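This report refers to the structure that appears directly beneath it.
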Amino acid sequence: MRVYWHSDSLLHDPPHEILSGRLVTYLESPDRVKAIEGALEQSDAFEVIAAETDWPEDIKDCILAVHSKEYVEYLENIYSEWTAIGGDKSAVFPETFQHRSMQSFGSRNTNSMSPLAKPGVYCFDLSCPITSHTYRAAIASVRITLSAARYLATARNGSPHFGVFALARPPGHHTQDALCGGYCFLNNAAIAAKYLLEHHGSKCIAILDIDYHHGNGTQQIFYHNPQVLYVSLHADGDYPYFTGSSEERGSGPGLGYNHNLPLPRQRTTDDLYCDTLRKAADIIQDHAEVDYLVVSLGVDTYSEDPICDFLLTQACYPRVGEIVKSIEKPTLFVMEGGYHMETLGENVRGVLLGFEG
Ligand code: Q9C
Ligand code: ZN
């Protein structure tokens, strides 16, 4: 299986985040990519390739098909604006959040706002510090994902379960059209889905999100869109807290194209997880019009993950890959979360080898 990565994605390296009120070392570290790459290189089954730096299609247009222009300009410029007025040089952090009850005077143009105010408009938590290199790393992450998507669309062989892995970082699934959070700045999976629809003649994409956390960003981006079927397995009642209920089914023309399968924290075992994943696979197979599968791959479902509460063992990951394979679609795996450094690489490898099986 081909694996795409890019060294620029390591440049995003904030010193800390605020987790449950504590200032802690940033969990979503560049070492994650190195650990995964190291594990994949140990197997002949993978070929690790650097993403193209010269993206022929305009990468900016692919991003703007998902994210607002104002938001992308914010990501690009906020670090220099913030440091120019004396903000801490290590990273931009929100100082306040624009609560919905503070919007009663209409939405002011954010251009006129203080650099101290803007993060409160474009960010929803304290896990998205923006450093001098964050924008460049986020663009690299998109580049990785689009290179993999293009390979999938152009080089797919006859095999019904042809797959490619985008070793993307920073992750993406918490980013909405104009809002970052949860270590995510640009929604790689969503941008890839749009790209396959707009540049490779796809009629319908399924996004299967198996990160531990609900992909509020991906859900929001496609909530009204029947061309993107979003199916998510995630922890009930955990971060990002306000989304992910099974009652969220999509809206307008998108009604019926959003499926949330929340699972209990502390009680989700290998068997319960795989049974539920098979239900997700059935939902996707009920939509015969799906021509590509994008998997938002998180392995923060592992029992020892430092911020998560499922009980999965390492033996579960090849089973997960096998169930994804059973969907029988050309499949783009996109890296999302997973924070237990000692097993991160092996667990990702387990899923991919289970798929190749
Ligand atoms: N107690 C991804 O896995 N902090 N993002 C959560 C939970 C943010 C996770 C705190 C977690 C974001 C891509
Ligand atoms: Zn996660």
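The way I read the labels, and the way they are meant: chains A, B, ... in the order of the structure tokens, residue 1 as the first residue of every chain, and ligand 1 as the first ligand shown, with later ones counted on from there.
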
Residues within 7 Å of ligand 1, counting only C-alpha atoms and all ligand atoms, as a PyMOL selection string
chain A and resi 19-20+127+171-174+182-184+211-213+238-239+298+300+307+336-338

List the spatial neighbours of A:Glu289 as number ranges by chain - criterion: any atom at most 12 Å away, only C-alpha atoms, same-chain residues fewer than 4 positions off excluded.
A: 202-206, 226-229, 284-285, 293, 329

Go ahead and dump the residues you just picked, N, CA and C atoms, as an mmCIF file, in the first residue's frame.
data_model
loop_
_atom_site.group_PDB
_atom_site.id
_atom_site.type_symbol
_atom_site.label_atom_id
_atom_site.label_comp_id
_atom_site.auth_asym_id
_atom_site.auth_seq_id
_atom_site.Cartn_x
_atom_site.Cartn_y
_atom_site.Cartn_z
ATOM 1 N N SER A 202 -16.617 11.669 -9.330
ATOM 2 C CA SER A 202 -17.358 10.870 -8.349
ATOM 3 C C SER A 202 -18.768 11.430 -8.179
ATOM 4 N N LYS A 203 -19.727 10.527 -7.943
ATOM 5 C CA LYS A 203 -21.116 10.947 -7.725
ATOM 6 C C LYS A 203 -21.441 10.974 -6.230
ATOM 7 N N CYS A 204 -20.768 10.110 -5.474
ATOM 8 C CA CYS A 204 -21.080 10.016 -4.048
ATOM 9 C C CYS A 204 -19.902 9.423 -3.282
ATOM 10 N N ILE A 205 -19.556 10.066 -2.177
ATOM 11 C CA ILE A 205 -18.456 9.613 -1.331
ATOM 12 C C ILE A 205 -19.025 9.200 0.020
ATOM 13 N N ALA A 206 -18.508 8.107 0.579
ATOM 14 C CA ALA A 206 -18.820 7.793 1.978
ATOM 15 C C ALA A 206 -17.604 8.139 2.821
ATOM 16 N N PRO A 226 -26.291 15.521 0.078
ATOM 17 C CA PRO A 226 -26.555 14.087 -0.150
ATOM 18 C C PRO A 226 -25.450 13.391 -0.945
ATOM 19 N N GLN A 227 -24.461 14.142 -1.427
ATOM 20 C CA GLN A 227 -23.359 13.494 -2.165
ATOM 21 C C GLN A 227 -22.284 12.948 -1.235
ATOM 22 N N VAL A 228 -22.369 13.291 0.053
ATOM 23 C CA VAL A 228 -21.386 12.775 1.005
ATOM 24 C C VAL A 228 -22.122 12.133 2.180
ATOM 25 N N LEU A 229 -21.973 10.823 2.241
ATOM 26 C CA LEU A 229 -22.571 10.046 3.321
ATOM 27 C C LEU A 229 -21.573 9.995 4.478
ATOM 28 N N ILE A 284 -23.191 1.862 4.669
ATOM 29 C CA ILE A 284 -22.496 2.328 3.459
ATOM 30 C C ILE A 284 -22.856 1.444 2.262
ATOM 31 N N GLN A 285 -22.924 0.125 2.498
ATOM 32 C CA GLN A 285 -23.248 -0.764 1.378
ATOM 33 C C GLN A 285 -24.693 -0.630 0.912
ATOM 34 N N LEU A 293 -14.544 5.439 -0.767
ATOM 35 C CA LEU A 293 -14.658 5.454 0.691
ATOM 36 C C LEU A 293 -13.466 6.221 1.261
ATOM 37 N N LYS A 329 -14.811 -0.860 -1.539
ATOM 38 C CA LYS A 329 -14.729 0.386 -2.309
ATOM 39 C C LYS A 329 -13.269 0.814 -2.361
#

Just list as a PyMOL selection string whatever in stretch 28-248 of chain A DSSP marks as helix (DSSP H, G or I).
chain A and resi 31-41+59-64+69-84+100-102+110-112+119-122+134-155+188-199+216-222

Selection above as a file: C-alpha atoms, as an mmCIF file, in the first residue's frame:
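result.cif was written with the following content:
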data_model
loop_
_atom_site.group_PDB
_atom_site.id
_atom_site.type_symbol
_atom_site.label_atom_id
_atom_site.label_comp_id
_atom_site.auth_asym_id
_atom_site.auth_seq_id
_atom_site.Cartn_x
_atom_site.Cartn_y
_atom_site.Cartn_z
ATOM 1 C CA ASP A 31 6.631 12.436 16.912
ATOM 2 C CA ARG A 32 3.297 10.811 16.094
ATOM 3 C CA VAL A 33 4.110 10.870 12.381
ATOM 4 C CA LYS A 34 7.605 9.499 13.019
ATOM 5 C CA ALA A 35 6.204 6.658 15.120
ATOM 6 C CA ILE A 36 3.678 5.670 12.446
ATOM 7 C CA GLU A 37 6.196 5.932 9.628
ATOM 8 C CA GLY A 38 8.682 3.858 11.650
ATOM 9 C CA ALA A 39 6.159 1.063 12.155
ATOM 10 C CA LEU A 40 5.102 1.021 8.490
ATOM 11 C CA GLU A 41 8.696 0.921 7.262
ATOM 12 C CA ILE A 59 -4.588 23.395 -3.796
ATOM 13 C CA LYS A 60 -6.076 26.688 -2.588
ATOM 14 C CA ASP A 61 -9.223 26.120 -4.686
ATOM 15 C CA CYS A 62 -9.584 22.629 -3.209
ATOM 16 C CA ILE A 63 -9.395 24.116 0.300
ATOM 17 C CA LEU A 64 -11.820 26.926 -0.534
ATOM 18 C CA LYS A 69 -11.867 32.534 2.540
ATOM 19 C CA GLU A 70 -11.962 34.571 5.759
ATOM 20 C CA TYR A 71 -11.104 31.485 7.826
ATOM 21 C CA VAL A 72 -8.176 30.435 5.624
ATOM 22 C CA GLU A 73 -6.832 34.020 5.712
ATOM 23 C CA TYR A 74 -7.143 33.923 9.490
ATOM 24 C CA LEU A 75 -5.006 30.752 9.668
ATOM 25 C CA GLU A 76 -2.421 32.290 7.363
ATOM 26 C CA ASN A 77 -2.120 35.688 9.042
ATOM 27 C CA ILE A 78 -3.102 35.507 12.699
ATOM 28 C CA TYR A 79 0.330 34.545 14.039
ATOM 29 C CA SER A 80 2.038 37.671 12.695
ATOM 30 C CA GLU A 81 -0.909 39.908 13.658
ATOM 31 C CA TRP A 82 -0.895 38.477 17.192
ATOM 32 C CA THR A 83 2.851 38.777 17.758
ATOM 33 C CA ALA A 84 2.814 42.333 16.294
ATOM 34 C CA ARG A 100 -23.860 32.681 20.584
ATOM 35 C CA SER A 101 -25.537 35.150 22.985
ATOM 36 C CA MET A 102 -22.807 37.696 22.125
ATOM 37 C CA THR A 110 -13.581 40.096 11.560
ATOM 38 C CA ASN A 111 -10.976 42.131 9.624
ATOM 39 C CA SER A 112 -11.702 45.064 11.921
ATOM 40 C CA PRO A 119 -9.410 33.339 17.757
ATOM 41 C CA GLY A 120 -12.675 33.615 19.686
ATOM 42 C CA VAL A 121 -14.524 33.657 16.354
ATOM 43 C CA TYR A 122 -12.555 30.979 14.482
ATOM 44 C CA THR A 134 1.045 26.019 11.724
ATOM 45 C CA TYR A 135 -0.407 27.250 8.446
ATOM 46 C CA ARG A 136 2.417 25.708 6.442
ATOM 47 C CA ALA A 137 1.998 22.383 8.249
ATOM 48 C CA ALA A 138 -1.781 22.403 7.752
ATOM 49 C CA ILE A 139 -1.296 23.025 4.025
ATOM 50 C CA ALA A 140 1.191 20.127 3.911
ATOM 51 C CA SER A 141 -1.399 17.917 5.562
ATOM 52 C CA VAL A 142 -3.890 18.784 2.799
ATOM 53 C CA ARG A 143 -1.193 18.190 0.178
ATOM 54 C CA ILE A 144 -0.509 14.732 1.619
ATOM 55 C CA THR A 145 -4.200 13.883 1.560
ATOM 56 C CA LEU A 146 -4.829 15.189 -1.964
ATOM 57 C CA SER A 147 -1.750 13.407 -3.344
ATOM 58 C CA ALA A 148 -3.110 10.171 -1.907
ATOM 59 C CA ALA A 149 -6.614 10.901 -3.235
ATOM 60 C CA ARG A 150 -5.312 11.604 -6.711
ATOM 61 C CA TYR A 151 -3.314 8.382 -6.687
ATOM 62 C CA LEU A 152 -6.420 6.468 -5.608
ATOM 63 C CA ALA A 153 -8.493 7.998 -8.403
ATOM 64 C CA THR A 154 -5.949 7.612 -11.194
ATOM 65 C CA ALA A 155 -3.981 4.478 -10.346
ATOM 66 C CA ASN A 188 -8.265 16.908 5.180
ATOM 67 C CA ALA A 189 -10.915 14.196 4.730
ATOM 68 C CA ALA A 190 -13.591 16.711 3.726
ATOM 69 C CA ILE A 191 -11.248 18.429 1.256
ATOM 70 C CA ALA A 192 -10.393 15.042 -0.287
ATOM 71 C CA ALA A 193 -14.085 14.127 -0.587
ATOM 72 C CA LYS A 194 -14.867 17.396 -2.380
ATOM 73 C CA TYR A 195 -11.816 16.923 -4.614
ATOM 74 C CA LEU A 196 -12.929 13.443 -5.686
ATOM 75 C CA LEU A 197 -16.428 14.781 -6.408
ATOM 76 C CA GLU A 198 -15.261 17.826 -8.358
ATOM 77 C CA HIS A 199 -12.127 16.557 -10.123
ATOM 78 C CA ASN A 216 -18.140 17.469 14.288
ATOM 79 C CA GLY A 217 -16.317 19.286 11.481
ATOM 80 C CA THR A 218 -16.931 16.721 8.767
ATOM 81 C CA GLN A 219 -20.548 16.335 9.890
ATOM 82 C CA GLN A 220 -21.148 20.100 9.750
ATOM 83 C CA ILE A 221 -19.493 20.556 6.345
ATOM 84 C CA PHE A 222 -21.693 17.939 4.657
#

Find, counting only C-alpha atoms, the residue in A:Gly215, A:Glu346, A:Leu208, A:Pro330 that gets nearest to A:Lys279.
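The shortest atom-to-atom distance to A:Lys279 comes from A:Leu208.
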
Residue contacts of A:Asn225 (8 Å, only C-alpha atoms) excluding same-chain residues fewer than 4 positions away, as number ranges by chain
A: 253-254, 257

I'd like the contact shell of stretch 317-319 of chain A - 8 Å cut-off, only C-alpha atoms, skipping same-chain residues fewer than 3 positions apart - returned as a ChimeraX atom specification.
/A:274,313-314,322-323,347-348,350-355

What's the 8 Å shell around A:Ala166, counting only C-alpha atoms, without same-chain residues fewer than 4 positions away, as a list in words?
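Non-adjacent residues within range: Val3, Tyr4, Trp5, Ile144, Thr145, Ala148, Leu332, Phe333, Val334 and Met335 of chain A.
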
Please run DSSP on the backbone and report, as a PyMOL selection string, all residues within stretch 219-284 of chain A that come out as strand (DSSP E or B).
chain A and resi 228-235+258-263

If you keep N, CA and C atoms, can you produce a file of those selected residues as a compact mmCIF listing (two decimals), in the first residue's frame?
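Once everything was written out, this is selection_13.txt:
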# COMPACT_ATOMS: atom_id res chain seq x y z
N VAL A 228 -22.37 13.29 0.05
CA VAL A 228 -21.39 12.78 1.00
C VAL A 228 -22.12 12.13 2.18
N LEU A 229 -21.97 10.82 2.24
CA LEU A 229 -22.57 10.05 3.32
C LEU A 229 -21.57 9.99 4.48
N TYR A 230 -21.94 10.54 5.63
CA TYR A 230 -21.03 10.56 6.78
C TYR A 230 -21.51 9.56 7.83
N VAL A 231 -20.63 8.63 8.19
CA VAL A 231 -20.97 7.61 9.21
C VAL A 231 -19.87 7.61 10.27
N SER A 232 -20.22 7.81 11.53
CA SER A 232 -19.21 7.94 12.58
C SER A 232 -19.49 7.01 13.77
N LEU A 233 -18.42 6.32 14.19
CA LEU A 233 -18.41 5.60 15.47
C LEU A 233 -17.59 6.45 16.44
N HIS A 234 -18.12 6.72 17.62
CA HIS A 234 -17.38 7.57 18.56
C HIS A 234 -17.92 7.40 19.97
N ALA A 235 -17.19 7.95 20.92
CA ALA A 235 -17.59 7.83 22.32
C ALA A 235 -18.76 8.75 22.63
N ASN A 258 -26.42 11.30 7.18
CA ASN A 258 -25.53 11.45 8.34
C ASN A 258 -25.96 10.41 9.38
N HIS A 259 -24.99 9.58 9.76
CA HIS A 259 -25.30 8.51 10.72
C HIS A 259 -24.28 8.51 11.86
N ASN A 260 -24.75 8.77 13.06
CA ASN A 260 -23.88 8.71 14.24
C ASN A 260 -24.18 7.45 15.03
N LEU A 261 -23.11 6.71 15.36
CA LEU A 261 -23.23 5.48 16.15
C LEU A 261 -22.40 5.65 17.43
N PRO A 262 -22.98 6.35 18.43
CA PRO A 262 -22.23 6.57 19.67
C PRO A 262 -22.10 5.30 20.49
N LEU A 263 -20.94 5.12 21.13
CA LEU A 263 -20.65 3.92 21.92
C LEU A 263 -20.30 4.32 23.35

To one decimal place in Å, what is the distance between atom CA of A:Ala45 and atom CA of A:Arg349?
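According to the coordinates, atom CA of A:Ala45 and atom CA of A:Arg349 are separated by 9.7 Å.
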
Nearest-residue call for ligand 2, choices A:Ile210, A:Phe165, A:Gln103, A:Gly244, using only C-alpha atoms and all ligand atoms:
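Of the candidates, the smallest distance to ligand 2 is held by A:Ile210.
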
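Proximity of A:Leu344, A:Leu277, A:Cys308, A:Val295 to A:Gly237, computed with only C-alpha atoms, is greatest for A:Cys308.
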